[in-house]
Structures are given as structure tokens and as C-alpha cells.
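Structure first, commentary second.
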Amino acid sequence: MQAAANNASQKERKITLPDGKALTFATPVTGYDVAKSIGEGLAKAALAAKLNGEVIDLHRPLFADGALEIVTRKSADALDIIRHDAAHVMAEAVQELFPGTQVTIGPAIENGFYYDFGRDTPFTTDDLAKIEAKMKEIVARNETFTREEWPRDEAIRHFEGIGEKYKAEIIRDLATTETISVYKQGKWYDLCRGPHLPATGAVGTAFKLMKVAGAYWRGDSKNAMLQRIYGTAWRDQKELDAHLHMLEEAEKRDHRKIGREMDLFHMQEEATGSVFWHDKGYTIWRALENFIRGRIQRAGYQEVKTPQLFDSSLFKASGHWDLYGDNMFKVEAKADEKVFGVKPMNCPAHVQIFNQGLKSYRDLPIRMAEFGCCHRNEPSGAMHGIMRVRQFTQDDAHIFCRADQVEQEALDYFKLQLGVYKDLGFDKISVKLALRPGPNVRLGSDEIWDKAENGLRTSLRAAGLEFEELPGEGAFYGPKVEFHLTDAIGRTWQCGTLQLDFNLPERLDASYIGEDSHRHRPVMLHRAILGSMERFIGILIEHHAGKFPLWLAPVQVVVATITSDADDYAKEVQKQLEKAGIRVKTDLRNEKINYKIREHSLVKAPQIWVIGKREAEEGKVAIRRLGSDAQEILATADAIRKITEDSAVPQ
């Protein structure tokens with residue numbers, strides 16, 4: 001089958017380089033030609049070209065004038081191409097080793113890639129090792145990637161003819177205007193839009209196959225079950241080693257494992273997606289909640305509590321029923337002949353409180369907070385420990401304000417948010433602005449969205465915060481600022497948000513009396529600091545590896561005796577600690593002290609106060625701190641004074 005002819009027009013191509021230098025080339029000209037004109041070193045390092053923001057094959061003719069960037073291994077765009085090509089190399093390796101296997105789709109994903117295969121015999125761990133070895137052979141062959149365009153009907157007949165029914169189905173479902181492109185690497189080829197590296201050798205060998213999982217064709221449980229092989233790929237071995245080390249560390253820090261070891265919580269099938277908090281886990285919860293409560297009280301928030309169950313009419317009016325209904329739990333009350341919705345978020349309920357009684361412009365802003373329990377119908381396969389659940393509590397708040405108050409309220413929120421994160425041990429934070437989703441999945445006019453998006457941009461700039469824009473990622477009722485935290489092992493977590501909403505006050509008829517004595521709509525700012533309490537505690541567990549800051553630790557001190565002669569004094573020390581507000585446990589068991597120390601260290605007790613006969617006689621304690629073999633002898637009164645200071649809640 002012949003490649004389709006390139007239709008690049010025969011004229012001069014005007015190219016602007018990143019440094020602003022303008023160049024002119026006779027067409028056809030490729031990214032490689034441009035790189036070579038700059039220097040042999042750049043041409044050798046080039047992996048792809050980026051024309052007017054679109055990454056294309058290095059040897060593909062440039063289809064327009066404009067800004068051109070040469071993508072090298074150091075470029076931000078390089079990893080996605082490397083990972084995409086690693087998926088193609090894996091698919092070739094699989095079909096060489098296991099003839100008759102069908103290939104479906106194989107995208108690059110965060111940190112790696114996957115490919116879904118149609119094969120009756122399950123892949124094994126040994127198979128992964130064989131596939132990985134074959135991939136390295138293919139990389140060593142340095143097979144050139146070449147792009148061809150095929151006629152639609154011929155492509156369908158071809159893939160059906162070689163038994164690749166999934167590929168044929170993909171082509172049938174493409175728009176008739178879609179170009180059908182196929183990429184070859186040596187004798188192997190695949191349906192793909194690209195772009196790709198110049199050759200398989202550019203993939204390198206910094207990859208590893210991680211696991212096999214099941215995946216329904218096109219994510220539909222009515223379709224065939226495929227086998228998905230996941231891999232990770234990086235620019236070089238150093239990056240791969242760092243990633244694998246991070247995964248090892250993440251496994252050690254897994255909140256589910258630490259939660260069991262520390263007896264914090266458990267989950268079970270009879271309450272899928274809901275958490276059973278044990279005493280120690282709920283102690284952490286209460287400490288965190290009270291920390292946030294203190295902050296928001298000082299910031300002028302009022303705290304409210306709203307119902308769980310609402311007549312469907314409220315959610316229909318708010319827009320949730322139509323645009324978010326699939327994620328809601330719905331209850332039919334036969335006695336009332338009504339359908340109710342279990343609230344998935346607190347905002348419609350807070351508008352109901354705002355609507356009680358007449359509000360004046362002088363009353364605004366009203367900052368309304370709630371630790372509100374919400375339910376969302378998450379797919380069973382998407383749930384993950386306490387990180388993603390069906391029942392969760394949001395440290396949620398809504399600020400009702402005038403348009404002229406938005407910027408100051410946003411600035412106050414940013415200050416509050418960043419201060420909380422710092423006190424919780426997070427100092428590396430990135431900010432993103434999520435913009436309007438598609439027209440069929442959002443409320444309000446373009447004019448309203450323009451106003452809301454520009455309002456958040458202005459506030460972020462006034463706060464001096466650098467931010468990245470995320471097109472299409474906003475909520476259905478408004479754009480949102482997202483705060484992404486980086487944890488101790490380099491992972492990022494999206495937590496707090498600020499959303500600017502002109503739609504919900506309109507839909508739920510919220511109003512205040514302005515200075516002109518007329519009714520006006522308030523602006524509504526949706527904000528969360530932690531987001532889900534459950535998820536944030538999971539993040540804290542993994543960030544600190546269970547070694548919580550003293551003020552958050554479920555048990556702050558264990559008083560352990562060496563001999564029974566010290567039992568009475570140990571009990572007296574416990575009473576004094578409790579009086580000082582310290583969470584304390586006493587271990588009077590008839591066990592060796594080293595056994596006690598080891599046992600309490602395993603459950604991450606921050607301090608162990610050892611008391612023997614001598615300490616009891618002298619009114620002292622021997623302090624062992626988690627992670628240290630050193631021992632400090634202090635008078636009990638001094639030790640209590642010090643731990644009281646050290647365990648103070650950040651203000």
C-alpha cells in the first residue's frame with residue numbers, strides 16, 4: 001500500500017525560532033532541516049519539532065509558517081513521545097513473541113504508558129521479562145518510524161484481513177474527515193496519529209514493564225476483556241532509578257498498610273467506599289478538624305451544618321441533577337412518592353441558609369463553612385483506600401460577596417490556604433487555573449465564564465502567584481484555582497480549590513439588597529482548604545510515613561516502665577500529662593523494656609518515656625524520641641513543660 005502524497009504547497013516557509021530569529025526556507029522543509037541549518041549538534045539531538053504549539057514528526061514537512069521549536073531529550077515534550085514510542089515498541093515485542101495477539105490502543109500516561117491486548121492466554125510475570133528483553137532488542141535495531149496515510153476503506157479491509165478487528169473498529173468510528181495515518185517501525189506497523197521519534201533507538205532503554213491488569217474494550221463492561229500491560233519510561237537510567245525508588249518508598253508509605261499497623265481505620269465490603277475510623281485514626285481527624293476550625297474562625301467564617309438528604313427539586317434547580325446526576329446516590333421515598341438525592345456537595349444547601357431572611361450589601365461578605373458529609377457514586381474500580389471513597393467529609397466553605405469584594409476575598413483565601421499547608425509540612429506548592437469545560441457540560445453563558453475566569457486570573461496576579469492554565473478542567477458551574485502539593489517523595493496531590501461562580505446564585509435565586517435599594521445577585525466563591533478530610537489524612541499518613549508531627553500524633557507519649565516498682569509513679573506521670581492536655585498511653589506490662597520500645601516504635605509513638613526504679617525515686621523520666629537511639633533524662637515537670645510547648649497546635 002502506497003503512502004498518500006504530501007500536499008505541502010511549494011512556496012517559502014517562514015519560521016521563527018524561540019530566540020526570535022526569523023528564517024526562510026524553500027518548501028518542502030522539515031524540522032530536521034531547520035535543526036541542521038542551525039547546527040549539526042542540534043540536528044543530532046533532535047527528536048521532534050513543535051510548530052505553533054503542535055508537536056510533529058521531525059521528518060514531516062512543516063505545514064504552515066510560524067513559531068518552531070526543536071524538541072530534544074531535555075525538552076518538556078520529550079517524555080510523552082518517548083513513552084508513546086515505548087508503547088509501540090512493546091506492542092511489536094508482544095506480537096513477535098506471541099503471534100496472533102491483537103493490539104488495540106497504547107497511549108502515553110503519567111509516568112509511563114500502557115497497551116491493551118486481545119489474547120486468550122493470560123500474560124505472566126515471566127512473560128513481562130521476555131517482552132522487556134525483546135523491547136531492548138527492537139530499540140537496538142534502531143528501526144526508523146515512518147508515517148503513511150491510507151485510504152479509509154482500504155485501511156479497514158487491511159486490518160480486518162490480518163485479524164486486527166479492534167483496529168478496524170477504531171477506523172470505522174472515526175469521523176469521515178479524519179486522516180487515517182499508520183506508522184511503521186521496520187516491518188511492524190500500527191494505526192496511530194503520532195507524533196513519533198525518528199527511530200526506535202531514540203526510545204532508549206530506561207523503561208520497565210510494571211504489571212498486567214484487565215481492561216474492558218473501550219472501558220465498557222459489556223465489551224470483551226482485554227489484557228493491559230503497564231510500563232514506565234524515562235529519558236535516562238538515572239530518572240528511571242529515581243522513579244523506581246519513589247515507588248518502593250510509596251509502597252512502604254502506603255496509607256492502607258500504615259493505617260493497619262497503627263490501628264487507625266479499616267474498610268470492608270459491607271460499606272464499600274466508606275471508612276470505619278478507629279479511636280487513634282479519629283483522634284488524628286479531630287486534631288486536624290480543630291486546627292482548621294481555629295483558622296477559619298479567626299478568618300471570620302461562621303460554621304453551619306446542613307442535611308444529607310434533599311428533594312430532587314433542589315438539585316434540579318441547581319443543575320446537579322442533569323449535569324452531575326450519574327455521580328449521585330438517589331433514594332425513592334415511596335411514602336412521599338418523591339425522589340431524594342443524597343448531597344454530593346454542600347453548595348446548594350449553603351445557598352438555602354443564605355436565602356433565609358433579607359440580606360443587605362452591608363452584610364457581605366458572608367463566609368459560611370461546614371465540615372459537611374457528602375456522598376458520591378464513585379465506580380468501584382476507581383476507589384483507593386481512604387484516598388478516593390464514596391462517603392467523605394469536605395472542609396467546605398462558600399463566600400457570598402459583592403463583585404467588588406471578590407479580589408480581596410480571594411487574596412485572603414490564598415493567604416489562609418498557603419499558611420495551612422506550610423504548617424502541615426508542605427512547602428512545595430503549584431497553582432493551576434482550571435477553565436471552562438465543554439459547552440454541553442457547563443452552566444451559563446460565555447460572557448459569564450469570561451467574567452469568572454478573568455476574575456480569578458486578576459486575583460492570582462494580585463497575589464503574586466505563578467499559575468498554569470488548564471483548558472476544559474473547570475467545574476460545570478465555574479472556573480477554579482487548584483493547589484497541588486508535592487509530598488516527601490515527590491508526588492503531587494491536588495487538594496484545595498477556589499471556584500468563582502455566578503451561576504448557582506442565579507439558579508437558586510440568591511439575592512441581597514444593594515446600596516441602590518434594588519435586588520442584586522451575590523458572587524459565590526466555593527472554597528476548600530484540605531478538600532476531603534479522608535483523602536487529606538491519607539496524604540498526611542504517606543507524606544509523614546506515619547511519623548506525624550507531635551501535635552497530630554494520635555498518641556503523643558507512651559510511659560513505659562522497666563520494673564513494677566515504677567508502676568505507681570508511671571500512673572502519676574500519666575495523670576500529669578493528661579492534665580496538661582497530652583495524649584498519653586501507659587505500658588505497665590511485665591515485658592522487657594527493649595521489647596516495649598520496639599513495639600511502640602513500630603506504631604510510630606513520637607516519644608517513649610522510660611521509668612525505672614531510679615527515675616521514680618528521683619522524679620525524672622528518660623525520653624526516647626522516634627527515630628533516635630539517644631536518650632534524654634529530664635525532671636518530670638520539665639519534660640511535661642517541654643512536650644506541652646512542642647505539641648502546641650500551629651496558630
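FYI, nothing fancy with the C-alpha cells labels: chains A, B, ... in order, residues from 1 per chain, ligands from 1 as they appear.
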Helix (DSSP H, G or I) positions in segment 188-220 of chain A, given as a PyMOL selection string:
chain A and resi 200-203+217-219
All strand (DSSP E) residues (DSSP, backbone) inside segment 311-435 of chain A, as a PyMOL selection string
chain A and resi 311+330-333+338-342+366-375+391-401+429-434
Residue selection dump (C-alpha atoms) as a short mmCIF file (atom, residue, chain, number, x, y, z; two decimals), in the first residue's frame:
data_model
loop_
_atom_site.label_atom_id
_atom_site.label_comp_id
_atom_site.auth_asym_id
_atom_site.auth_seq_id
_atom_site.Cartn_x
_atom_site.Cartn_y
_atom_site.Cartn_z
CA ASP A 311 -35.77 16.59 47.46
CA LYS A 330 -30.73 8.71 44.70
CA VAL A 331 -33.38 7.48 47.09
CA GLU A 332 -37.03 6.84 46.29
CA ALA A 333 -39.31 7.53 49.27
CA LYS A 338 -40.76 11.54 45.92
CA VAL A 339 -37.19 11.03 44.80
CA PHE A 340 -34.44 12.40 47.01
CA GLY A 341 -30.76 12.96 46.36
CA VAL A 342 -28.00 12.35 48.89
CA ILE A 366 -20.76 36.14 54.45
CA ARG A 367 -18.27 33.29 54.84
CA MET A 368 -20.15 30.05 55.52
CA ALA A 369 -18.16 26.91 56.43
CA GLU A 370 -19.14 23.30 57.04
CA PHE A 371 -17.39 20.03 57.70
CA GLY A 372 -20.05 18.50 55.52
CA CYS A 373 -20.51 14.79 54.95
CA CYS A 374 -21.09 14.09 51.25
CA HIS A 375 -21.70 11.01 49.11
CA GLN A 391 -18.61 8.89 51.70
CA PHE A 392 -16.33 11.76 52.65
CA THR A 393 -16.27 15.00 54.60
CA GLN A 394 -15.26 18.28 53.00
CA ASP A 395 -13.77 21.20 54.91
CA ASP A 396 -16.01 23.20 52.67
CA ALA A 397 -16.99 26.86 52.67
CA HIS A 398 -18.85 29.32 50.49
CA ILE A 399 -18.28 33.04 50.47
CA PHE A 400 -21.20 35.21 49.38
CA CYS A 401 -19.90 38.61 48.39
CA ILE A 429 3.01 24.03 46.01
CA SER A 430 1.99 24.64 42.41
CA VAL A 431 -1.10 26.60 41.37
CA LYS A 432 -3.30 25.87 38.36
CA LEU A 433 -6.33 27.66 36.92
CA ALA A 434 -8.91 25.21 35.54
#
List the spatial neighbours of segment 547-555 of chain A as number ranges by chain - criterion: any atom at most 7 Å away, only C-alpha atoms, same-chain residues fewer than 5 positions off excluded.
A: 280-281, 283-284, 287, 583-585, 604-606, 647-649
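Closest approach to Asp80 of chain A among A:Phe98, A:Thr146, A:Pro195, A:Ser181 is made by A:Pro195 (distances from only C-alpha atoms).
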Would you list the contacts of Pro198 of chain A as a PyMOL selection string, taking every protein, DNA or RNA residue within 9 Å and counting only C-alpha atoms, but skipping same-chain residues closer than 3 positions in sequence?
chain A and resi 46-48+57-59+143-146+201-202
Neighbours of Arg624 of chain A within 6 Å (only C-alpha atoms; same-chain residues fewer than 3 positions away dropped), as a CSV table (one decimal) with C-alpha atoms, in the first residue's frame?
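Result file is out.csv:
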chain,number,residue,atom,x,y,z
A,607,GLN,CA,8.1,9.8,72.4
A,608,ILE,CA,8.6,7.0,74.9
A,631,GLN,CA,18.1,9.2,75.5
Quick one: residues within 8 Å of Ile513 of chain A, only C-alpha atoms, excluding same-chain residues fewer than 6 positions away - as a PyMOL selection string?
chain A and resi 358-361+519-520
Preceding selection exported with C-alpha atoms as a CSV table (one decimal), in the first residue's frame:
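Saved as again.csv:
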chain,number,residue,atom,x,y,z
A,358,LEU,CA,-33.2,39.6,53.8
A,359,LYS,CA,-29.5,40.3,53.2
A,360,SER,CA,-28.1,43.8,52.7
A,361,TYR,CA,-24.9,44.8,50.9
A,519,ARG,CA,-32.0,43.3,44.5
A,520,HIS,CA,-28.6,42.0,43.3
Counting only C-alpha atoms, which residue out of A:Asp501, A:Trp493, A:Lys44, A:Gln574 sits closest to Gly538 of chain A?
A:Trp493
Best match for closeness to Ala233 of chain A among A:Gly204, A:Pro379, A:Gly214, A:Gly106, counting only C-alpha atoms:
A:Gly204
For a test of reading the model, state the distance in Å between atom CA of Ser459 of chain A and atom CA of Lys480 of chain A, rounded to one decimal.
11.8 Å
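Look at Ile489 of chain A: the protein and nucleic acid residues within 8 Å of it, using only C-alpha atoms and passing over chain neighbours fewer than 5 places away, are A:Met246, A:Glu249, A:Ala250, A:His543.
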Could you turn the residues from that selection into a file that holds C-alpha atoms, as a PDB file, in the first residue's frame?
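Once everything was written out, this is again_12.pdb:
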ATOM      1  CA  MET A 246       9.964   6.508  44.657  1.00  0.00           C
ATOM      2  CA  GLU A 249       9.151   4.298  49.079  1.00  0.00           C
ATOM      3  CA  ALA A 250       5.478   4.806  48.206  1.00  0.00           C
ATOM      4  CA  HIS A 543       3.836  12.224  53.489  1.00  0.00           C
TER       5      HIS A 543
END
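What separates atom CA of Arg298 of chain A from atom CA of Glu409 of chain A is a distance of 14.4 Å.
Of the listed residues (A:Glu466, A:Ile15, A:Phe426, A:Gly455), A:Gly455 comes nearest to Ala403 of chain A; the distances count only C-alpha atoms.
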